[in-house]
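The structure under discussion appears below in the form of structure tokens.
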Amino acid sequence: MDDVILLDFWVSVFGQRVRIALAEKGVHYENREENPQNKTPLLLEMNPVHKKIPVLIHQGKPVCESNIIVQYIDEVWHDDKSPSLLPSDPYLRAQARFWADFVDKKVYEAGKKIWMTEGEEDRQVAKKELIEVLKVLEGQLGEKPYLVGESFGLADIALIPFSVWFHAFGKMTMNMNIERECPKLAAWVNRCMEREAVSKSLPHPHKIYEFDQKKKKGHE
Amino acid sequence: MADEVKLHGVTGSPYVCRAVIALNLKEIKYEFVAEDLSNKSADLLKYNPVYKKVPVLVHNGNPISESLVIVEYIDEVWKGVPILPQDAYEKAQARFWAKFMDDKCFPAVFKAVSSHGEEQAVGEAHEAFQFLENELKVKGSKYFGGDNINLVDISATFVAFWVGAAEEALGIELLPKDKFPKLTEWSDNYVNCQAVKDSLPPRENIVAFFKKRFGKA
């Protein structure tokens with residue numbers, strides 16, 4: 001049996017990407033929950049450069065950076081039984097990598113701003129920025145079922161964990177209605193959530209909301 | 001059917017240079033479309049509407065943006081000299097270090113340059129360089145890719161060439177040889193690789209650029 005360990009923190013969208021990929025491939029692994037306030041020696045040893053989760057440890061060797069881990073998983077567990085997470089066509093593969101990188105560069109930053117800002121005015125500016133970013137993704141999605149090509153893959157995996165946070169932001173009286181602003185993206189979220197690998201890898205929005213509330217009250 | 005390959009770029013950009021090196025390594029015939037970044041072409045805006053930046057590779061009319069994505073694409077489409085390792089684990093390591101260049105190394109170097117070698121900024125650049133120095137030490141090889149250059153070396157082109165030009169232009173020290181012997185040696189070897197030599201812009205142009213952009217009046 002392959003020896004696979006995942007160092008993760010339940011709230012992390014980046015960790016969730018890896019969980020989804022492992023679940024899509026039906027890979028058995030040992031999950032080890034990390035506490036960002038108290039990192040284990042193993043994490044520091046396996047990711048000395050960034051000291052962050054997720055880290056996939058396969059046969060004792062670490063792979064870091066979520067989009068890189070997802071590609072690694074796709075390349076190692078590659079058989080007829082499980083779906084490919086990247087298209088076979090090189091041009092579409094390049095598109096998948098481009099959009100996965102876009103999520104990191106734009107969605108994460110815009111989402112973080114909303115998360116971090118206090119004050120209604122600043123929040124509204126942050127919200128507007130996020131909607132603009134989501135509209136770009138809406139444009140990329142178009143009439144396709146998934147972000148790149150016809151199959152669920154790397155770009156979708158990169159983005160879908162953020163959908164739980166958008167739901168939670170909605171609760172934070174943001175009045176951010178994804179369904180209205182980006183209806184195709186909203187439909188895409190539902191489509192992805194129908195995949196068992198996705199729905200069982202993502203936390204419930206309520207838990208994210210609770211986490212946010214606790215953090216704001218200074219607990220951890 | 002002949003392949004049509006175009007690269008939209010500017011000669012002074014280290015990101016564009018990555019794509020040029022990859023194209024030259026594979027001996028691909030291409031047309032370089034020089035862009036004026038203050039007056040971007042309609043084609044550039046059409047091919048890269050998301051970022052409106054260079055480089056953009058256009059292969060038979062299909063555009064690819066983001067330098068590291070372009071380099072991987074070139075490696076997958078054209079056989080010949082390999083740019084990424086075959087082994088999945090080694091590939092993941094190469095991608096990790098290439099990403100490190102963009103996420104950590106480049107921003108730290110940029111800060112150090114734009115601040116004219118301010119102590120804390122240089123310290124952060126040195127932290128990034130130290131990881132690279134250690135990696136070369138552990139590998140014990142001429143390049144990050146072993147005996148031949150690979151994705152990591154290509155992604156670090158700005159360290160090998162642009163850093164030295166900035167040092168000269170601004171009279172600052174960013175990459176001291178005594179502190180980073182392996183990285184310095186790697187830089188010297190790297191800029192002398194044929195494909196790299198054929199791809200680098202004239203050094204005096206880069207020095208002039210840094211003087212103009214960051215030089216004190």
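Here, A, B, ... name the chains of the structure tokens in the order displayed, residue numbers run from 1 inside each chain, and ligands are numbered from 1 in the same displayed order.
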I need the contact residues of chain B against chain A, so if you could list those with any atom within 12 Å, counting only C-alpha atoms, and return them as a PyMOL selection string, that would help. chain B and resi 48-51+56-78+86-105+127-132+134-135
Just the residues within 8 Å of Ile114 in chain A, please, counting only C-alpha atoms, with nothing from its chain fewer than 5 positions along; format it as a VMD selection string. chain A and resid 123 126 to 127
Kindly export the residues of the current selection with N, CA and C atoms, as a PDB file, in the first residue's frame.
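Output file result_11.pdb is given in full below:
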```pdb
ATOM      1  N   ARG A 123     -15.151  47.371   3.308  1.00  0.00           N
ATOM      2  CA  ARG A 123     -15.706  46.054   2.974  1.00  0.00           C
ATOM      3  C   ARG A 123     -16.393  46.103   1.615  1.00  0.00           C
ATOM      4  N   ALA A 126     -13.833  46.046  -1.090  1.00  0.00           N
ATOM      5  CA  ALA A 126     -13.270  44.697  -1.199  1.00  0.00           C
ATOM      6  C   ALA A 126     -14.254  43.765  -1.905  1.00  0.00           C
ATOM      7  N   LYS A 127     -15.538  43.930  -1.551  1.00  0.00           N
ATOM      8  CA  LYS A 127     -16.582  43.095  -2.157  1.00  0.00           C
ATOM      9  C   LYS A 127     -16.638  43.336  -3.660  1.00  0.00           C
TER      10      LYS A 127
END
```
What's around Phe152 in chain A at 9 Å? Count only C-alpha atoms, leave out sequence neighbours fewer than 6 positions away in its own chain, and write the answer as number ranges by chain. A: 83-86, 145-146, 192
Let's have the selection written as a CSV table (one decimal), in the first residue's frame, with C-alpha atoms.
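Dumped to result33.csv:
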```csv
chain,number,residue,atom,x,y,z
A,83,PRO,CA,-10.5,10.5,-13.6
A,84,SER,CA,-7.7,12.6,-15.0
A,85,LEU,CA,-7.4,15.9,-13.2
A,86,LEU,CA,-5.7,17.6,-16.2
A,145,PRO,CA,-19.7,22.7,-17.5
A,146,TYR,CA,-16.2,23.3,-16.0
A,192,CYS,CA,-19.0,20.6,-8.4
```
Spatial neighbours of Ile154 in chain B, 10 Å, only C-alpha atoms, chain gap at least 2 places, as a list of chain:residue names: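 In the requested format, the answer is B:Pro14, B:Tyr15, B:Cys17, B:Arg18, B:Ala19, B:Val20, B:Ile21, B:Ala22, B:Leu68, B:Val71, B:Ile83, B:Ala98, B:Phe144, B:Gly145, B:Ile149, B:Asn150, B:Leu151, B:Val152, B:Ala156, B:Thr157, B:Phe158, B:Val159, B:Ala160, B:Tyr190, B:Val196.
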From a DSSP pass on the backbone, collect the residues of range 33-196 of chain A flagged as helix (DSSP H, G or I) and hand them back as a PyMOL selection string. chain A and resi 41-46+66-76+90-116+120-141+154-174+178-181+183-193+196
Within 10 Å of Lys52 in chain A using only C-alpha atoms, minus same-chain residues under 6 positions, as a PDB file with N, CA, C and O atoms, in the first residue's frame:
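Output (around06.pdb):
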```pdb
ATOM      1  N   LEU A   7      -0.530  16.508   5.713  1.00  0.00           N
ATOM      2  CA  LEU A   7      -0.503  17.474   6.811  1.00  0.00           C
ATOM      3  C   LEU A   7      -1.431  18.611   6.398  1.00  0.00           C
ATOM      4  O   LEU A   7      -1.241  19.207   5.327  1.00  0.00           O
ATOM      5  N   ASP A   8      -2.424  18.897   7.238  1.00  0.00           N
ATOM      6  CA  ASP A   8      -3.474  19.821   6.816  1.00  0.00           C
ATOM      7  C   ASP A   8      -4.019  20.600   8.010  1.00  0.00           C
ATOM      8  O   ASP A   8      -3.682  20.316   9.153  1.00  0.00           O
ATOM      9  N   PHE A   9      -4.853  21.574   7.725  1.00  0.00           N
ATOM     10  CA  PHE A   9      -5.588  22.317   8.751  1.00  0.00           C
ATOM     11  C   PHE A   9      -6.985  22.476   8.189  1.00  0.00           C
ATOM     12  O   PHE A   9      -7.145  23.035   7.098  1.00  0.00           O
ATOM     13  N   GLU A  34      -2.867  19.817  11.565  1.00  0.00           N
ATOM     14  CA  GLU A  34      -1.867  20.725  12.129  1.00  0.00           C
ATOM     15  C   GLU A  34      -2.571  21.913  12.766  1.00  0.00           C
ATOM     16  O   GLU A  34      -3.633  22.328  12.324  1.00  0.00           O
ATOM     17  N   PRO A  36      -1.878  25.784  13.203  1.00  0.00           N
ATOM     18  CA  PRO A  36      -0.953  26.803  12.714  1.00  0.00           C
ATOM     19  C   PRO A  36      -0.237  27.566  13.826  1.00  0.00           C
ATOM     20  O   PRO A  36       0.840  28.125  13.611  1.00  0.00           O
ATOM     21  N   LYS A  39       3.056  24.505  15.248  1.00  0.00           N
ATOM     22  CA  LYS A  39       3.390  23.588  14.155  1.00  0.00           C
ATOM     23  C   LYS A  39       4.249  22.430  14.649  1.00  0.00           C
ATOM     24  O   LYS A  39       5.156  22.620  15.469  1.00  0.00           O
ATOM     25  N   LEU A  43       6.054  18.993  10.295  1.00  0.00           N
ATOM     26  CA  LEU A  43       5.723  20.007   9.301  1.00  0.00           C
ATOM     27  C   LEU A  43       6.935  20.881   8.990  1.00  0.00           C
ATOM     28  O   LEU A  43       7.246  21.154   7.830  1.00  0.00           O
ATOM     29  N   LEU A  44       7.634  21.275  10.040  1.00  0.00           N
ATOM     30  CA  LEU A  44       8.802  22.156   9.848  1.00  0.00           C
ATOM     31  C   LEU A  44       9.909  21.439   9.087  1.00  0.00           C
ATOM     32  O   LEU A  44      10.663  22.050   8.335  1.00  0.00           O
ATOM     33  N   MET A  46       9.286  18.909   6.887  1.00  0.00           N
ATOM     34  CA  MET A  46       8.813  18.578   5.542  1.00  0.00           C
ATOM     35  C   MET A  46       8.613  19.820   4.671  1.00  0.00           C
ATOM     36  O   MET A  46       8.643  19.725   3.442  1.00  0.00           O
ATOM     37  N   CYS A  64       4.997  20.018  -1.654  1.00  0.00           N
ATOM     38  CA  CYS A  64       4.371  21.215  -1.086  1.00  0.00           C
ATOM     39  C   CYS A  64       3.751  22.080  -2.181  1.00  0.00           C
ATOM     40  O   CYS A  64       4.094  21.934  -3.346  1.00  0.00           O
ATOM     41  N   GLU A  65       2.879  22.997  -1.752  1.00  0.00           N
ATOM     42  CA  GLU A  65       2.140  23.911  -2.653  1.00  0.00           C
ATOM     43  C   GLU A  65       0.969  23.176  -3.293  1.00  0.00           C
ATOM     44  O   GLU A  65       1.138  22.281  -4.141  1.00  0.00           O
TER      45      GLU A  65
END
```
Enumerate the residues of chain B with a DSSP assignment of strand (DSSP E or B), computed from the backbone, and present them as an mmCIF file with all heavy atoms, in the first residue's frame.
```cif
data_model
loop_
_atom_site.group_PDB
_atom_site.id
_atom_site.type_symbol
_atom_site.label_atom_id
_atom_site.label_comp_id
_atom_site.auth_asym_id
_atom_site.auth_seq_id
_atom_site.Cartn_x
_atom_site.Cartn_y
_atom_site.Cartn_z
ATOM 1 N N VAL B 5 4.687 30.234 -34.629
ATOM 2 C CA VAL B 5 4.976 30.553 -33.227
ATOM 3 C C VAL B 5 5.388 32.016 -33.113
ATOM 4 O O VAL B 5 6.315 32.454 -33.776
ATOM 5 C CB VAL B 5 6.124 29.671 -32.671
ATOM 6 C CG1 VAL B 5 6.352 29.961 -31.199
ATOM 7 C CG2 VAL B 5 5.825 28.200 -32.898
ATOM 8 N N LYS B 6 4.643 32.733 -32.271
ATOM 9 C CA LYS B 6 4.990 34.132 -32.015
ATOM 10 C C LYS B 6 5.161 34.330 -30.524
ATOM 11 O O LYS B 6 4.475 33.700 -29.725
ATOM 12 C CB LYS B 6 3.859 35.056 -32.486
ATOM 13 C CG LYS B 6 3.671 35.095 -33.984
ATOM 14 C CD LYS B 6 2.646 36.148 -34.368
ATOM 15 C CE LYS B 6 2.367 36.068 -35.858
ATOM 16 N NZ LYS B 6 1.375 37.044 -36.293
ATOM 17 N N LEU B 7 6.058 35.233 -30.160
ATOM 18 C CA LEU B 7 6.210 35.590 -28.755
ATOM 19 C C LEU B 7 6.086 37.096 -28.625
ATOM 20 O O LEU B 7 6.894 37.839 -29.178
ATOM 21 C CB LEU B 7 7.565 35.123 -28.211
ATOM 22 C CG LEU B 7 7.785 35.414 -26.724
ATOM 23 C CD1 LEU B 7 6.886 34.542 -25.848
ATOM 24 C CD2 LEU B 7 9.249 35.206 -26.323
ATOM 25 N N HIS B 8 5.054 37.532 -27.909
ATOM 26 C CA HIS B 8 4.898 38.953 -27.632
ATOM 27 C C HIS B 8 5.708 39.272 -26.393
ATOM 28 O O HIS B 8 5.538 38.606 -25.359
ATOM 29 C CB HIS B 8 3.419 39.292 -27.395
ATOM 30 C CG HIS B 8 2.594 39.253 -28.634
ATOM 31 N ND1 HIS B 8 2.051 40.383 -29.212
ATOM 32 C CD2 HIS B 8 2.229 38.209 -29.415
ATOM 33 C CE1 HIS B 8 1.378 40.037 -30.298
ATOM 34 N NE2 HIS B 8 1.465 38.725 -30.447
ATOM 35 N N GLY B 9 6.571 40.278 -26.500
ATOM 36 C CA GLY B 9 7.380 40.580 -25.328
ATOM 37 C C GLY B 9 8.149 41.884 -25.441
ATOM 38 O O GLY B 9 7.988 42.627 -26.407
ATOM 39 N N GLU B 31 8.600 34.125 -34.171
ATOM 40 C CA GLU B 31 8.661 35.555 -34.469
ATOM 41 C C GLU B 31 8.514 36.315 -33.158
ATOM 42 O O GLU B 31 7.568 36.081 -32.400
ATOM 43 C CB GLU B 31 7.518 35.939 -35.413
ATOM 44 C CG GLU B 31 7.480 37.421 -35.764
ATOM 45 C CD GLU B 31 6.165 37.838 -36.417
ATOM 46 O OE1 GLU B 31 5.486 36.951 -37.005
ATOM 47 O OE2 GLU B 31 5.815 39.024 -36.328
ATOM 48 N N PHE B 32 9.456 37.206 -32.900
ATOM 49 C CA PHE B 32 9.375 38.019 -31.678
ATOM 50 C C PHE B 32 8.602 39.284 -32.012
ATOM 51 O O PHE B 32 8.988 40.037 -32.907
ATOM 52 C CB PHE B 32 10.771 38.364 -31.165
ATOM 53 C CG PHE B 32 10.756 39.071 -29.835
ATOM 54 C CD1 PHE B 32 10.658 38.354 -28.654
ATOM 55 C CD2 PHE B 32 10.830 40.457 -29.753
ATOM 56 C CE1 PHE B 32 10.640 38.997 -27.411
ATOM 57 C CE2 PHE B 32 10.817 41.112 -28.519
ATOM 58 C CZ PHE B 32 10.716 40.371 -27.349
ATOM 59 N N VAL B 33 7.495 39.485 -31.317
ATOM 60 C CA VAL B 33 6.681 40.684 -31.538
ATOM 61 C C VAL B 33 6.982 41.659 -30.403
ATOM 62 O O VAL B 33 6.547 41.456 -29.262
ATOM 63 C CB VAL B 33 5.172 40.331 -31.564
ATOM 64 C CG1 VAL B 33 4.341 41.579 -31.781
ATOM 65 C CG2 VAL B 33 4.887 39.270 -32.619
ATOM 66 N N ALA B 34 7.764 42.677 -30.707
ATOM 67 C CA ALA B 34 8.165 43.635 -29.673
ATOM 68 C C ALA B 34 6.980 44.527 -29.301
ATOM 69 O O ALA B 34 6.352 45.123 -30.172
ATOM 70 C CB ALA B 34 9.328 44.479 -30.169
ATOM 71 N N VAL B 56 3.510 36.688 -23.931
ATOM 72 C CA VAL B 56 2.420 35.836 -24.403
ATOM 73 C C VAL B 56 2.955 35.039 -25.590
ATOM 74 O O VAL B 56 3.501 35.614 -26.533
ATOM 75 C CB VAL B 56 1.188 36.655 -24.858
ATOM 76 C CG1 VAL B 56 0.101 35.715 -25.381
ATOM 77 C CG2 VAL B 56 0.644 37.498 -23.720
ATOM 78 N N LEU B 57 2.820 33.735 -25.509
ATOM 79 C CA LEU B 57 3.199 32.861 -26.625
ATOM 80 C C LEU B 57 1.942 32.605 -27.439
ATOM 81 O O LEU B 57 0.893 32.322 -26.869
ATOM 82 C CB LEU B 57 3.755 31.537 -26.100
ATOM 83 C CG LEU B 57 4.301 30.600 -27.181
ATOM 84 C CD1 LEU B 57 5.710 31.026 -27.595
ATOM 85 C CD2 LEU B 57 4.337 29.158 -26.696
ATOM 86 N N VAL B 58 2.039 32.765 -28.741
ATOM 87 C CA VAL B 58 0.884 32.459 -29.590
ATOM 88 C C VAL B 58 1.290 31.335 -30.539
ATOM 89 O O VAL B 58 2.162 31.517 -31.393
ATOM 90 C CB VAL B 58 0.415 33.704 -30.376
ATOM 91 C CG1 VAL B 58 -0.882 33.402 -31.118
ATOM 92 C CG2 VAL B 58 0.208 34.888 -29.440
ATOM 93 N N HIS B 59 0.687 30.176 -30.345
ATOM 94 C CA HIS B 59 1.043 28.993 -31.135
ATOM 95 C C HIS B 59 -0.115 28.646 -32.048
ATOM 96 O O HIS B 59 -1.179 28.248 -31.574
ATOM 97 C CB HIS B 59 1.375 27.823 -30.193
ATOM 98 C CG HIS B 59 1.825 26.591 -30.913
ATOM 99 N ND1 HIS B 59 1.715 25.328 -30.367
ATOM 100 C CD2 HIS B 59 2.399 26.423 -32.130
ATOM 101 C CE1 HIS B 59 2.205 24.441 -31.223
ATOM 102 N NE2 HIS B 59 2.623 25.082 -32.285
ATOM 103 N N ASN B 62 -3.198 30.230 -30.984
ATOM 104 C CA ASN B 62 -3.658 29.998 -29.608
ATOM 105 C C ASN B 62 -2.723 30.662 -28.606
ATOM 106 O O ASN B 62 -1.532 30.359 -28.574
ATOM 107 C CB ASN B 62 -3.704 28.490 -29.308
ATOM 108 C CG ASN B 62 -4.764 27.780 -30.122
ATOM 109 O OD1 ASN B 62 -5.833 28.327 -30.351
ATOM 110 N ND2 ASN B 62 -4.450 26.589 -30.578
ATOM 111 N N PRO B 63 -3.242 31.571 -27.771
ATOM 112 C CA PRO B 63 -2.368 32.299 -26.845
ATOM 113 C C PRO B 63 -2.180 31.578 -25.510
ATOM 114 O O PRO B 63 -3.122 30.996 -24.968
ATOM 115 C CB PRO B 63 -3.143 33.601 -26.607
ATOM 116 C CG PRO B 63 -4.573 33.225 -26.757
ATOM 117 C CD PRO B 63 -4.638 32.065 -27.700
ATOM 118 N N ILE B 64 -0.953 31.660 -24.997
ATOM 119 C CA ILE B 64 -0.656 31.159 -23.656
ATOM 120 C C ILE B 64 0.056 32.270 -22.894
ATOM 121 O O ILE B 64 1.023 32.849 -23.403
ATOM 122 C CB ILE B 64 0.242 29.906 -23.709
ATOM 123 C CG1 ILE B 64 -0.442 28.794 -24.497
ATOM 124 C CG2 ILE B 64 0.569 29.395 -22.313
ATOM 125 C CD1 ILE B 64 0.243 28.445 -25.778
ATOM 126 N N SER B 65 -0.405 32.552 -21.687
ATOM 127 C CA SER B 65 0.185 33.611 -20.858
ATOM 128 C C SER B 65 0.764 33.055 -19.571
ATOM 129 O O SER B 65 0.451 31.922 -19.189
ATOM 130 C CB SER B 65 -0.877 34.657 -20.500
ATOM 131 O OG SER B 65 -1.503 35.135 -21.651
ATOM 132 N N TYR B 143 23.978 22.789 -12.010
ATOM 133 C CA TYR B 143 22.749 23.566 -12.165
ATOM 134 C C TYR B 143 21.678 23.015 -11.225
ATOM 135 O O TYR B 143 21.802 21.911 -10.691
ATOM 136 C CB TYR B 143 22.244 23.462 -13.604
ATOM 137 C CG TYR B 143 23.227 23.939 -14.645
ATOM 138 C CD1 TYR B 143 23.818 23.051 -15.540
ATOM 139 C CD2 TYR B 143 23.571 25.288 -14.727
ATOM 140 C CE1 TYR B 143 24.722 23.490 -16.482
ATOM 141 C CE2 TYR B 143 24.476 25.730 -15.676
ATOM 142 C CZ TYR B 143 25.060 24.831 -16.542
ATOM 143 O OH TYR B 143 25.958 25.267 -17.483
ATOM 144 N N GLY B 146 20.725 19.744 -12.432
ATOM 145 C CA GLY B 146 21.747 18.698 -12.501
ATOM 146 C C GLY B 146 22.860 19.111 -13.457
ATOM 147 O O GLY B 146 23.393 20.210 -13.364
#
```
Residues within 12 Å of range 176-185 of chain A, please, as number ranges by chain. Count only C-alpha atoms; anything in the same chain fewer than 5 positions from it doesn't count. A: 114, 123-124, 126-147, 156, 159-160, 162-171, 190-192
Go ahead and compute the interatomic distance for CA of Lys200 in chain A and CA of Gln16 in chain A, in Å to one decimal.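 CA of Gln16 in chain A lies 9.9 Å from CA of Lys200 in chain A.
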With distances taken over only C-alpha atoms, which residue among A:Lys215, A:Ala23, A:Asp104, A:Pro87 lies nearest Ser151 in chain A?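 Closest residue, counting only C-alpha atoms: A:Pro87.
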Separation of CA of Lys137 in chain B from CA of Ser155 in chain B, in Å and rounded to one decimal: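 Separating CA of Lys137 in chain B from CA of Ser155 in chain B is a distance of 18.4 Å.
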CA of Gly26 in chain A and CA of Leu6 in chain A, how far apart in Å?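 Separation between CA of Leu6 in chain A and CA of Gly26 in chain A: 14.2 Å.
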